[in-house]
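Contents: one structure, followed by commentary.
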Amino acid sequence: MRMYFEWGYNVQYPFDNWQTHNAVTYWFSLLAVLVTTIFLQFFIQKKQTLNNYFSRIDNTLLGLKDTIMNRNESKIRKILIRLYRALLLAIQSFTLYLLMFFAMTYDPAVFMVIVFGSVMGHFIFFEGCD
């Protein structure tokens with residue numbers, strides 16, 4: 001595995017059977033990295049939207065009368081929300097580490113595609129999410 005930046009079609013991605021040896025496989029690999037990066041931005045936006053939604057639900061649940069039934073429902077709901085948030089974090093972390101492995105190919109085009117995909121994904125999915 002090379003440890004320096006080099007332009008070229010011969011790129012070894014993190015998986016043994018994913019190598020590029022010509023222009024076609026190289027460009028399809030760059031497209032796969034671009035789609036992964038855009039997916040990450042979509043996923044981050046959805047996670048933020050869901051966190052805002054869950055925060056509003058938590059605030060609503062705090063206003064309910066403090067009965068035994070509401071307390072049990074509230075506890076179960078909070079556990080399910082925490083499990084769902086943990087699942088979202090796991091998927092986001094996996095995708096981030098996968099992109100890090102892509103960047104470790106030391107191919108300048110892969111770096112540019114990751115940055116461009118992040119910017120493009122942010123532009124597409126973060127409309128009015130301030």
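Identifiers for the structure tokens are assigned positionally: chains receive A, B, ... in sequence, residues are indexed from 1 per chain, and ligands are indexed from 1 in the order shown.
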**DSSP alpha helix (DSSP H) residues within region 3-123 of chain A, as a ChimeraX atom specification** = /A:23-62,68-103,108-123
**Request:** Find the residues around region 33-42 of chain A up to 10 Å (only C-alpha atoms counted), leave out those fewer than 6 positions away in its own chain, and share them as a count of residues only.
**Result:** 28
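Using only C-alpha atoms, the nearest neighbour of Leu30 (chain A) within the list A:Thr105, A:Glu127, A:Ser74, A:Arg82 is A:Thr105.
DSSP, applied to the backbone of this structure, assigns strand (DSSP E) to the following residues of chain A: Val11, Gln12, Gln19 and Thr20 of chain A.
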Using all heavy atoms, can you export the residues from the last selection as a short mmCIF file (atom, residue, chain, number, x, y, z; two decimals), in the first residue's frame?
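For reference, result38.cif as written:
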```cif
data_model
loop_
_atom_site.label_atom_id
_atom_site.label_comp_id
_atom_site.auth_asym_id
_atom_site.auth_seq_id
_atom_site.Cartn_x
_atom_site.Cartn_y
_atom_site.Cartn_z
N VAL A 11 -5.75 2.00 -8.38
CA VAL A 11 -6.06 2.35 -7.00
C VAL A 11 -6.53 1.09 -6.28
O VAL A 11 -7.36 0.35 -6.80
CB VAL A 11 -7.15 3.44 -6.92
CG1 VAL A 11 -7.50 3.75 -5.47
CG2 VAL A 11 -6.70 4.70 -7.63
N GLN A 12 -5.98 0.85 -5.12
CA GLN A 12 -6.41 -0.27 -4.26
C GLN A 12 -7.30 0.30 -3.17
O GLN A 12 -6.82 1.02 -2.30
CB GLN A 12 -5.20 -0.97 -3.65
CG GLN A 12 -5.53 -1.97 -2.57
CD GLN A 12 -6.23 -3.20 -3.10
OE1 GLN A 12 -5.81 -3.74 -4.10
NE2 GLN A 12 -7.29 -3.62 -2.44
N GLN A 19 -10.23 -3.14 -6.83
CA GLN A 19 -9.07 -2.49 -7.40
C GLN A 19 -9.47 -1.89 -8.75
O GLN A 19 -10.34 -2.42 -9.43
CB GLN A 19 -7.93 -3.47 -7.62
CG GLN A 19 -7.40 -4.08 -6.35
CD GLN A 19 -6.32 -5.11 -6.63
OE1 GLN A 19 -5.99 -5.38 -7.78
NE2 GLN A 19 -5.77 -5.67 -5.58
N THR A 20 -8.85 -0.80 -9.10
CA THR A 20 -9.11 -0.20 -10.41
C THR A 20 -7.85 -0.31 -11.24
O THR A 20 -6.74 -0.06 -10.76
CB THR A 20 -9.53 1.26 -10.28
OG1 THR A 20 -8.48 2.00 -9.67
CG2 THR A 20 -10.79 1.40 -9.44
#
```
**CA of His21 (chain A) to CA of Tyr97 (chain A), distance in Å rounded to a single decimal** = 24.4 Å
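Between Ile81 (chain A) and the residues A:Ser29, A:Leu50, A:Pro108, A:Asp16, the shortest atom-to-atom distance, using only C-alpha atoms, involves A:Leu50.
Minimum atom-to-atom distances from A:Phe54, A:Tyr106, A:Phe101, A:Tyr26 to Pro14 (chain A) were compared using only C-alpha atoms, and the lowest value belongs to A:Phe101.
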